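Shown next: model_23.cif, given as mmCIF, C-alpha atoms.
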```cif
data_input
loop_
_atom_site.group_PDB
_atom_site.id
_atom_site.type_symbol
_atom_site.label_atom_id
_atom_site.label_comp_id
_atom_site.auth_asym_id
_atom_site.auth_seq_id
_atom_site.Cartn_x
_atom_site.Cartn_y
_atom_site.Cartn_z
ATOM 1 C CA MET A 1 114.666 -4.071 42.304
ATOM 2 C CA GLU A 2 115.563 -3.424 45.926
ATOM 3 C CA SER A 3 113.316 -4.907 48.571
ATOM 4 C CA ILE A 4 110.494 -2.777 49.944
ATOM 5 C CA ARG A 5 110.271 -2.160 53.671
ATOM 6 C CA MET A 6 107.632 -4.377 55.235
ATOM 7 C CA PRO A 7 104.497 -2.718 56.651
ATOM 8 C CA TYR A 8 103.395 -2.869 60.254
ATOM 9 C CA THR A 9 103.565 -6.334 61.819
ATOM 10 C CA ALA A 10 102.631 -7.621 65.265
ATOM 11 C CA ASN A 11 105.506 -10.116 65.469
ATOM 12 C CA ARG A 12 108.259 -9.016 67.823
ATOM 13 C CA ASP A 13 111.239 -10.807 69.279
ATOM 14 C CA ARG A 14 110.390 -9.615 72.768
ATOM 15 C CA PRO A 15 106.962 -8.704 74.157
ATOM 16 C CA ARG A 16 106.513 -5.273 75.666
ATOM 17 C CA TRP A 17 107.216 -5.260 79.372
ATOM 18 C CA TRP A 18 104.046 -3.402 80.308
ATOM 19 C CA THR A 19 101.787 -5.815 78.425
ATOM 20 C CA GLU A 20 103.554 -8.743 80.077
ATOM 21 C CA LEU A 21 103.133 -7.177 83.494
ATOM 22 C CA LEU A 22 99.433 -6.657 82.815
ATOM 23 C CA VAL A 23 98.924 -10.239 81.606
ATOM 24 C CA ILE A 24 100.743 -11.732 84.588
ATOM 25 C CA ALA A 25 98.840 -9.490 87.012
ATOM 26 C CA VAL A 26 95.480 -10.479 85.506
ATOM 27 C CA VAL A 27 96.286 -14.207 85.594
ATOM 28 C CA TYR A 28 97.654 -14.086 89.131
ATOM 29 C CA THR A 29 94.640 -12.068 90.347
ATOM 30 C CA ALA A 30 92.285 -14.595 88.775
ATOM 31 C CA TYR A 31 94.274 -17.417 90.333
ATOM 32 C CA SER A 32 94.283 -15.840 93.799
ATOM 33 C CA SER A 33 90.585 -15.000 93.620
ATOM 34 C CA GLY A 34 89.784 -18.496 92.404
ATOM 35 C CA ARG A 35 91.665 -20.021 95.317
ATOM 36 C CA LEU A 36 89.536 -18.064 97.768
ATOM 37 C CA LEU A 37 86.315 -19.050 96.006
ATOM 38 C CA ALA A 38 87.315 -22.727 95.872
ATOM 39 C CA ARG A 39 87.765 -23.268 99.581
ATOM 40 C CA GLY A 40 85.280 -26.098 99.982
ATOM 41 C CA ASN A 41 84.008 -27.238 103.348
ATOM 42 C CA THR A 42 86.223 -28.500 106.131
ATOM 43 C CA GLU A 43 84.699 -31.968 106.309
ATOM 44 C CA ASP A 44 85.370 -32.736 102.647
ATOM 45 C CA ALA A 45 88.891 -31.325 102.861
ATOM 46 C CA VAL A 46 89.714 -33.468 105.901
ATOM 47 C CA ASP A 47 88.309 -36.572 104.210
ATOM 48 C CA HIS A 48 90.467 -35.941 101.150
ATOM 49 C CA GLY A 49 93.543 -35.434 103.299
ATOM 50 C CA LEU A 50 92.972 -38.635 105.254
ATOM 51 C CA SER A 51 92.392 -40.537 102.016
ATOM 52 C CA LEU A 52 95.765 -39.381 100.683
ATOM 53 C CA LEU A 53 97.458 -40.341 103.937
ATOM 54 C CA ARG A 54 95.910 -43.812 103.900
ATOM 55 C CA ALA A 55 96.947 -44.309 100.273
ATOM 56 C CA GLU A 56 100.538 -43.347 101.086
ATOM 57 C CA LYS A 57 100.652 -45.718 104.036
ATOM 58 C CA PHE A 58 99.314 -48.503 101.860
ATOM 59 C CA LEU A 59 102.029 -47.783 99.262
ATOM 60 C CA HIS A 60 104.693 -47.351 101.965
ATOM 61 C CA ILE A 61 105.607 -43.860 100.704
ATOM 62 C CA ASN A 62 104.555 -41.970 103.819
ATOM 63 C CA VAL A 63 107.709 -39.840 104.159
ATOM 64 C CA GLU A 64 105.937 -36.868 105.734
ATOM 65 C CA HIS A 65 106.004 -38.248 109.269
ATOM 66 C CA PRO A 66 109.788 -38.784 109.603
ATOM 67 C CA LEU A 67 110.569 -35.477 107.877
ATOM 68 C CA ASN A 68 108.104 -33.597 110.061
ATOM 69 C CA ARG A 69 109.650 -35.079 113.197
ATOM 70 C CA LEU A 70 113.097 -34.011 111.940
ATOM 71 C CA PHE A 71 111.934 -30.431 111.390
ATOM 72 C CA THR A 72 110.077 -30.335 114.707
ATOM 73 C CA HIS A 73 112.983 -31.596 116.812
ATOM 74 C CA THR A 74 115.745 -29.722 114.952
ATOM 75 C CA PRO A 75 115.188 -25.943 114.887
ATOM 76 C CA ALA A 76 118.355 -25.475 112.805
ATOM 77 C CA ILE A 77 116.512 -27.242 109.997
ATOM 78 C CA GLY A 78 112.901 -26.337 110.780
ATOM 79 C CA ILE A 79 113.336 -22.560 111.019
ATOM 80 C CA PRO A 80 115.192 -22.097 107.683
ATOM 81 C CA ALA A 81 112.686 -24.453 106.077
ATOM 82 C CA ASP A 82 109.811 -22.281 107.277
ATOM 83 C CA PHE A 83 111.484 -19.175 105.862
ATOM 84 C CA ALA A 84 112.038 -20.991 102.569
ATOM 85 C CA TYR A 85 108.397 -22.070 102.404
ATOM 86 C CA ALA A 86 107.101 -18.592 103.213
ATOM 87 C CA SER A 87 109.283 -16.626 100.794
ATOM 88 C CA LEU A 88 111.071 -18.467 97.955
ATOM 89 C CA HIS A 89 107.847 -19.382 96.169
ATOM 90 C CA TYR A 90 107.102 -15.670 95.711
ATOM 91 C CA LEU A 91 110.657 -14.464 95.047
ATOM 92 C CA VAL A 92 112.458 -17.013 92.898
ATOM 93 C CA THR A 93 109.673 -17.556 90.356
ATOM 94 C CA PRO A 94 109.265 -13.840 89.443
ATOM 95 C CA ALA A 95 113.058 -13.479 89.373
ATOM 96 C CA ILE A 96 113.339 -16.320 86.839
ATOM 97 C CA LEU A 97 110.573 -14.745 84.736
ATOM 98 C CA ILE A 98 112.376 -11.390 84.661
ATOM 99 C CA TRP A 99 115.671 -13.082 83.836
ATOM 100 C CA LEU A 100 114.099 -14.936 80.917
ATOM 101 C CA PHE A 101 112.419 -11.763 79.662
ATOM 102 C CA ARG A 102 115.704 -9.865 79.629
ATOM 103 C CA ARG A 103 118.202 -12.565 78.685
ATOM 104 C CA ARG A 104 116.218 -15.218 76.795
ATOM 105 C CA PRO A 105 113.454 -13.364 74.922
ATOM 106 C CA ALA A 106 113.132 -16.105 72.301
ATOM 107 C CA GLN A 107 112.180 -18.651 74.976
ATOM 108 C CA TYR A 108 110.268 -16.306 77.267
ATOM 109 C CA ARG A 109 106.773 -16.543 75.792
ATOM 110 C CA THR A 110 106.652 -20.342 75.804
ATOM 111 C CA ALA A 111 108.081 -20.498 79.326
ATOM 112 C CA ARG A 112 105.607 -17.917 80.625
ATOM 113 C CA THR A 113 102.690 -19.677 78.930
ATOM 114 C CA TRP A 114 103.788 -23.002 80.430
ATOM 115 C CA LEU A 115 103.816 -21.502 83.932
ATOM 116 C CA MET A 116 100.429 -19.800 83.549
ATOM 117 C CA ALA A 117 98.680 -22.808 82.013
ATOM 118 C CA SER A 118 99.941 -25.059 84.807
ATOM 119 C CA THR A 119 98.862 -22.547 87.443
ATOM 120 C CA LEU A 120 95.325 -22.421 86.083
ATOM 121 C CA LEU A 121 95.241 -26.225 85.970
ATOM 122 C CA GLY A 122 96.255 -26.202 89.622
ATOM 123 C CA LEU A 123 93.314 -23.925 90.355
ATOM 124 C CA ILE A 124 91.006 -26.549 88.832
ATOM 125 C CA GLY A 125 92.547 -29.095 91.176
ATOM 126 C CA PHE A 126 91.933 -26.865 94.204
ATOM 127 C CA THR A 127 88.305 -26.487 93.153
ATOM 128 C CA LEU A 128 87.621 -30.178 92.563
ATOM 129 C CA THR A 129 89.620 -31.609 95.486
ATOM 130 C CA PRO A 130 89.938 -29.242 98.457
ATOM 131 C CA THR A 131 92.461 -31.011 100.675
ATOM 132 C CA CYS A 132 93.388 -30.513 104.294
ATOM 133 C CA PRO A 133 97.201 -30.410 104.602
ATOM 134 C CA PRO A 134 98.860 -32.699 107.163
ATOM 135 C CA ARG A 135 99.500 -29.854 109.631
ATOM 136 C CA LEU A 136 95.749 -29.203 109.980
ATOM 137 C CA LEU A 137 94.757 -32.809 110.637
ATOM 138 C CA ALA A 138 93.854 -33.933 114.130
ATOM 139 C CA HIS A 139 96.791 -34.175 116.533
ATOM 140 C CA ALA A 140 96.279 -37.932 116.695
ATOM 141 C CA GLU A 141 97.599 -38.214 113.119
ATOM 142 C CA GLY A 142 101.055 -37.306 114.419
ATOM 143 C CA PHE A 143 101.840 -34.066 112.542
ATOM 144 C CA VAL A 144 103.132 -30.808 114.013
ATOM 145 C CA ASP A 145 102.620 -27.437 112.318
ATOM 146 C CA THR A 146 106.198 -26.163 112.198
ATOM 147 C CA MET A 147 105.042 -22.784 110.852
ATOM 148 C CA ALA A 148 103.068 -22.295 114.057
ATOM 149 C CA GLN A 149 105.836 -23.792 116.212
ATOM 150 C CA TYR A 150 108.454 -21.348 114.893
ATOM 151 C CA SER A 151 106.137 -18.424 114.164
ATOM 152 C CA SER A 152 107.981 -16.168 116.629
ATOM 153 C CA TYR A 153 110.976 -16.220 114.261
ATOM 154 C CA GLY A 154 109.099 -14.963 111.206
ATOM 155 C CA TRP A 155 106.230 -12.826 109.974
ATOM 156 C CA TRP A 156 103.737 -15.677 109.730
ATOM 157 C CA GLY A 157 101.309 -16.958 112.335
ATOM 158 C CA ASP A 158 99.438 -20.246 112.382
ATOM 159 C CA ASP A 159 97.893 -19.702 108.929
ATOM 160 C CA ALA A 160 100.706 -21.207 106.863
ATOM 161 C CA SER A 161 102.851 -18.537 105.160
ATOM 162 C CA ALA A 162 100.318 -15.707 105.425
ATOM 163 C CA PRO A 163 101.451 -12.725 107.504
ATOM 164 C CA ARG A 164 99.863 -12.479 110.933
ATOM 165 C CA GLY A 165 96.307 -11.230 110.746
ATOM 166 C CA LEU A 166 95.928 -12.022 107.032
ATOM 167 C CA GLY A 167 95.094 -15.697 107.306
ATOM 168 C CA GLY A 168 91.545 -15.041 106.126
ATOM 169 C CA MET A 169 92.929 -14.035 102.718
ATOM 170 C CA THR A 170 94.358 -17.497 102.058
ATOM 171 C CA ASN A 171 92.848 -20.860 101.211
ATOM 172 C CA GLN A 172 94.540 -23.375 103.448
ATOM 173 C CA PHE A 173 92.798 -26.269 101.704
ATOM 174 C CA ALA A 174 94.557 -25.496 98.383
ATOM 175 C CA ALA A 175 97.017 -28.344 98.810
ATOM 176 C CA MET A 176 96.304 -30.702 95.903
ATOM 177 C CA PRO A 177 98.291 -30.277 93.662
ATOM 178 C CA SER A 178 101.310 -28.624 95.258
ATOM 179 C CA LEU A 179 102.179 -25.588 93.157
ATOM 180 C CA HIS A 180 105.094 -24.910 95.492
ATOM 181 C CA VAL A 181 106.637 -28.032 93.980
ATOM 182 C CA GLY A 182 105.267 -27.278 90.506
ATOM 183 C CA TRP A 183 106.651 -23.750 90.331
ATOM 184 C CA ALA A 184 109.973 -24.931 91.773
ATOM 185 C CA LEU A 185 110.177 -27.580 89.050
ATOM 186 C CA TRP A 186 109.527 -24.892 86.407
ATOM 187 C CA CYS A 187 112.320 -22.742 87.871
ATOM 188 C CA GLY A 188 114.660 -25.720 87.894
ATOM 189 C CA VAL A 189 113.969 -26.548 84.258
ATOM 190 C CA MET A 190 114.541 -22.932 83.226
ATOM 191 C CA LEU A 191 117.865 -22.803 85.061
ATOM 192 C CA TRP A 192 118.975 -26.143 83.620
ATOM 193 C CA ARG A 193 117.999 -25.381 80.022
ATOM 194 C CA HIS A 194 118.924 -21.715 79.762
ATOM 195 C CA GLY A 195 121.624 -21.235 82.379
ATOM 196 C CA ARG A 196 125.113 -21.061 80.918
ATOM 197 C CA THR A 197 127.145 -21.926 83.990
ATOM 198 C CA PRO A 198 127.519 -25.155 85.971
ATOM 199 C CA VAL A 199 126.278 -23.318 89.061
ATOM 200 C CA ALA A 200 122.993 -22.489 87.337
ATOM 201 C CA ARG A 201 122.480 -26.118 86.391
ATOM 202 C CA ILE A 202 123.293 -27.325 89.899
ATOM 203 C CA LEU A 203 120.747 -24.874 91.298
ATOM 204 C CA GLY A 204 118.289 -26.087 88.690
ATOM 205 C CA VAL A 205 118.492 -29.557 90.233
ATOM 206 C CA LEU A 206 118.745 -28.584 93.898
ATOM 207 C CA TYR A 207 115.977 -25.991 94.028
ATOM 208 C CA PRO A 208 112.961 -28.234 93.218
ATOM 209 C CA LEU A 209 114.368 -31.015 95.405
ATOM 210 C CA THR A 210 114.823 -28.581 98.301
ATOM 211 C CA ILE A 211 111.298 -27.192 97.971
ATOM 212 C CA THR A 212 109.863 -30.711 97.918
ATOM 213 C CA PHE A 213 111.830 -31.519 101.065
ATOM 214 C CA VAL A 214 110.537 -28.311 102.691
ATOM 215 C CA VAL A 215 106.832 -28.721 101.900
ATOM 216 C CA LEU A 216 106.833 -32.282 103.223
ATOM 217 C CA GLY A 217 108.833 -31.566 106.378
ATOM 218 C CA THR A 218 106.750 -28.527 107.324
ATOM 219 C CA ALA A 219 103.591 -30.694 106.958
ATOM 220 C CA ASN A 220 102.119 -28.382 104.345
ATOM 221 C CA HIS A 221 101.764 -31.096 101.682
ATOM 222 C CA TYR A 222 101.580 -34.828 101.195
ATOM 223 C CA LEU A 223 103.961 -36.622 98.892
ATOM 224 C CA LEU A 224 101.036 -37.257 96.550
ATOM 225 C CA ASP A 225 100.446 -33.491 96.428
ATOM 226 C CA ALA A 226 104.021 -33.057 95.216
ATOM 227 C CA ILE A 227 103.598 -35.776 92.600
ATOM 228 C CA ALA A 228 100.386 -34.122 91.424
ATOM 229 C CA GLY A 229 102.240 -30.820 91.152
ATOM 230 C CA VAL A 230 104.785 -32.437 88.829
ATOM 231 C CA ALA A 231 101.960 -33.974 86.772
ATOM 232 C CA VAL A 232 100.214 -30.617 86.414
ATOM 233 C CA MET A 233 103.426 -29.042 85.154
ATOM 234 C CA GLY A 234 103.755 -31.856 82.626
ATOM 235 C CA VAL A 235 100.265 -31.202 81.254
ATOM 236 C CA GLY A 236 100.962 -27.468 81.215
ATOM 237 C CA LEU A 237 104.109 -28.081 79.179
ATOM 238 C CA LEU A 238 102.113 -30.035 76.598
ATOM 239 C CA LEU A 239 99.612 -27.174 76.335
ATOM 240 C CA ALA A 240 102.167 -24.361 76.154
ATOM 241 C CA GLY A 241 103.136 -24.796 72.496
ATOM 242 C CA PRO A 242 99.561 -24.991 71.125
ATOM 243 C CA LEU A 243 98.521 -22.028 73.270
ATOM 244 C CA VAL A 244 101.384 -19.885 71.943
ATOM 245 C CA ARG A 245 100.524 -20.799 68.358
ATOM 246 C CA LEU A 246 96.854 -20.029 68.984
ATOM 247 C CA ALA A 247 97.772 -16.633 70.412
ATOM 248 C CA ASP A 248 99.949 -15.932 67.364
ATOM 249 C CA ARG A 249 97.110 -16.779 64.981
ATOM 250 C CA VAL A 250 94.664 -14.554 66.870
ATOM 251 C CA ARG A 251 97.178 -11.708 66.940
ATOM 252 C CA ALA A 252 97.934 -12.075 63.241
ATOM 253 C CA ARG A 253 94.238 -12.025 62.360
ATOM 254 C CA PHE A 254 93.578 -8.871 64.363
ATOM 255 C CA SER A 255 96.709 -7.214 62.974
ATOM 256 C CA PHE A 256 95.605 -8.040 59.412
ATOM 257 C CA ARG A 257 92.192 -6.500 59.979
ATOM 258 C CA PHE A 258 93.772 -3.477 61.624
ATOM 259 C CA SER A 259 96.176 -2.936 58.729
ATOM 260 C CA ARG A 260 93.359 -3.261 56.172
ATOM 261 C CA THR A 261 91.288 -0.683 58.043
ATOM 262 C CA ASP A 262 94.220 1.718 58.104
ATOM 263 C CA SER A 263 94.901 1.199 54.397
ATOM 264 C CA ARG A 264 91.341 2.257 53.635
ATOM 265 C CA THR A 265 91.697 5.421 55.704
ATOM 266 C CA GLY A 266 95.147 6.170 54.321
ATOM 267 C CA SER A 267 96.906 6.019 57.702
ATOM 268 C CA ARG A 268 99.615 3.699 58.954
ATOM 269 C CA PRO A 269 99.157 1.951 62.321
ATOM 270 C CA ASP A 270 102.687 2.550 63.506
ATOM 271 C CA ASP A 271 103.411 5.866 61.761
ATOM 272 C CA SER A 272 106.284 4.158 60.026
ATOM 273 C CA PRO A 273 107.941 5.911 57.108
ATOM 274 C CA SER A 274 106.800 5.305 53.559
ATOM 275 C CA PRO A 275 108.235 2.299 51.750
ATOM 276 C CA ILE A 276 111.662 2.726 50.234
ATOM 277 C CA VAL A 277 111.386 2.917 46.460
ATOM 278 C CA GLY A 278 113.785 0.625 44.694
ATOM 279 C CA ALA A 279 116.459 1.921 42.371
ATOM 280 C CA GLY A 280 114.815 0.204 39.445
ATOM 281 C CA CYS A 281 111.674 2.378 39.601
ATOM 282 C CA LYS A 282 111.314 4.913 36.745
ATOM 283 C CA THR A 283 109.220 8.044 36.308
ATOM 284 C CA SER A 284 106.641 8.698 33.648
ATOM 285 C CA PRO A 285 107.869 10.080 30.317
ATOM 286 C CA GLY A 286 108.925 13.667 30.735
ATOM 287 C CA GLU A 287 108.716 13.520 34.564
ATOM 288 C CA ARG A 288 111.666 13.598 36.924
ATOM 289 C CA PHE A 289 112.324 13.972 40.621
ATOM 290 C CA PRO A 290 113.392 17.380 41.931
ATOM 291 C CA GLY A 291 117.141 17.753 41.512
ATOM 292 C CA GLN A 292 117.327 14.684 39.296
ATOM 293 C CA ARG A 293 120.183 14.711 36.827
ATOM 294 C CA THR A 294 119.696 13.174 33.473
ATOM 295 C CA SER A 295 122.376 10.894 32.173
ATOM 296 C CA SER A 296 124.266 11.836 29.077
ATOM 297 C CA ALA A 297 123.121 8.656 27.400
ATOM 298 C CA SER A 298 119.432 9.486 27.816
ATOM 299 C CA SER A 299 119.535 13.284 27.496
ATOM 300 C CA ALA A 300 121.944 13.729 24.609
ATOM 301 C CA PRO A 301 120.101 13.593 21.301
ATOM 302 C CA SER A 302 121.277 11.101 18.753
ATOM 303 C CA ALA A 303 123.034 12.448 15.744
ATOM 304 C CA SER A 304 120.929 10.284 13.518
ATOM 305 C CA ALA A 305 117.785 11.895 14.880
ATOM 306 C CA ALA A 306 118.736 15.354 13.624
ATOM 307 C CA PRO A 307 117.263 16.388 10.261
ATOM 308 C CA ALA A 308 119.783 16.483 7.498
ATOM 309 C CA GLY A 309 121.079 19.900 6.668
ATOM 310 C CA ASP A 310 119.846 21.555 9.865
ATOM 311 C CA THR A 311 122.958 22.861 11.604
ATOM 312 C CA ALA A 312 123.810 25.362 14.275
ATOM 313 C CA ASP A 313 126.049 28.357 13.854
ATOM 314 C CA ASP A 314 129.133 26.300 14.659
ATOM 315 C CA GLY A 315 128.239 23.748 12.022
ATOM 316 C CA THR A 316 127.045 20.953 14.314
ATOM 317 C CA PRO A 317 123.674 19.274 13.682
ATOM 318 C CA THR A 318 120.787 20.420 15.853
ATOM 319 C CA ALA A 319 117.635 18.568 16.938
ATOM 320 C CA ALA A 320 114.434 19.237 15.146
ATOM 321 C CA ARG A 321 112.188 21.744 16.857
#
```

Any chance you could put this one into structure tokens?
Amino acid sequence: MESIRMPYTANRDRPRWWTELLVIAVVYTAYSSGRLLARGNTEDAVDHGLSLLRAEKFLHINVEHPLNRLFTHTPAIGIPADFAYASLHYLVTPAILIWLFRRRPAQYRTARTWLMASTLLGLIGFTLTPTCPPRLLAHAEGFVDTMAQYSSYGWWGDDASAPRGLGGMTNQFAAMPSLHVGWALWCGVMLWRHGRTPVARILGVLYPLTITFVVLGTANHYLLDAIAGVAVMGVGLLLAGPLVRLADRVRARFSFRFSRTDSRTGSRPDDSPSPIVGAGCKTSPGERFPGQRTSSASSAPSASAAPAGDTADDGTPTAAR
């Protein structure tokens, strides 16, 4: 018998674009709102920042000072770095998401879940450890805010990358972990794993390294912030697979209940056509489809079935009436 067309199922190779847009918008809104609510007080944030700086000096990994001096004294490096900090974080990441959605649908859901899980983990870090970035420490600590120094070249003021007049809508103590570095690492991995050209793989290596260089030189993050951003992405990667499987189980359960409800009411959830009947199906005795032709083997009466001696006018046997 031929196979029967499967009923409605929730499994699709590619999610619908409008549902993805809604999910991403909801998560990003929650993330942005959470950042504003998790500001913490200035004293605690400064203490956390100074603690990180002391730890780096003790470990001899305090690279922020020499990089910040390089950016401050070399506008040809500092100005492009400020533009990169203020824009690439919000342009490259969505572009990679759209590229994956269109070109790599099989990998999209896991990649998107990895990014979102890591972002929400970063929000927990902002809430638990509000941290003053190097540029906001006292001048005696030796850092210069390059965003403020070169603000006349861009749209930002002295409130990091926020446009002038909108600094109140940002949380400047959301420094630990650095999601600038975390998101850049995610973009780099996506380019390395799913890019098909050597250029894509080179960009996959250079982009996260460049962003790390930028956030340290502009005095927006400590090196330990960057390391924490990498760690958060690692935990998010471990959670991505289980989260996708959990979402699939929940979707399958709701789809099963939905299909059972529709079967009781006699309707189909997706208005799909009726199942295709296989060629091996037969009708009841005496019943046939409209226009059905009977085969000669089944319609022609057997000669042995005719009563003996009962013949037609031409002498051939006829079937019993």

Can you sort out the box for segment 141-159 of chain A, edges along x, y and z, all listed atoms in, 6 Å on every side, with centre and edge lengths in Å to one decimal, as JSON?
```
{"center_x": 104.3, "center_y": -25.5, "center_z": 112.8, "size_x": 25.4, "size_y": 37.4, "size_z": 19.7}
```

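Among the candidate residues A:Ala86, A:Val232, A:Ala226, A:Leu97, the one lying nearest to Phe213 of chain A is A:Ala226, with distances computed using all atoms listed in the file.
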
Listing only residues of segment 53-126 of chain A within 10 Å of segment 198-212 of chain A, what is the closest atom pair and its distance in Å (to one decimal) for each, using all atoms listed in the file, sorted by chain and residue number ascending, as CSV?
```
residue,atom,partner,partner_atom,distance
A:Ala81,CA,A:Ile211,CA,8.7
A:Ala84,CA,A:Ile211,CA,7.8
A:Tyr85,CA,A:Ile211,CA,7.4
A:Leu88,CA,A:Ile211,CA,8.7
A:His89,CA,A:Ile211,CA,8.7
A:Val92,CA,A:Tyr207,CA,9.7
```

message: Calculated over all atoms listed in the file, which of the candidates A:Leu115, A:Ile98, A:Ile77, A:Val215 has the smallest distance to Glu64 of chain A?
response: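 Looking at the shortest contact to Glu64 of chain A, the residue is A:Val215.
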
- prompt: Which is closest to Leu120 of chain A among A:Leu224, A:Leu179, A:Val189, A:Ala184, if we use all atoms listed in the file?
  reply: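 Using all atoms listed in the file, the shortest distance to Leu120 of chain A belongs to A:Leu179.
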
Distance query Tyr150 of chain A at most 8 Å, only C-alpha atoms, self and fewer than 5 positions along chain excluded, as a CSV table (one decimal) with C-alpha atoms, keeping the file's coordinate frame:
```csv
chain,number,residue,atom,x,y,z
A,78,GLY,CA,112.9,-26.3,110.8
A,79,ILE,CA,113.3,-22.6,111.0
A,82,ASP,CA,109.8,-22.3,107.3
```
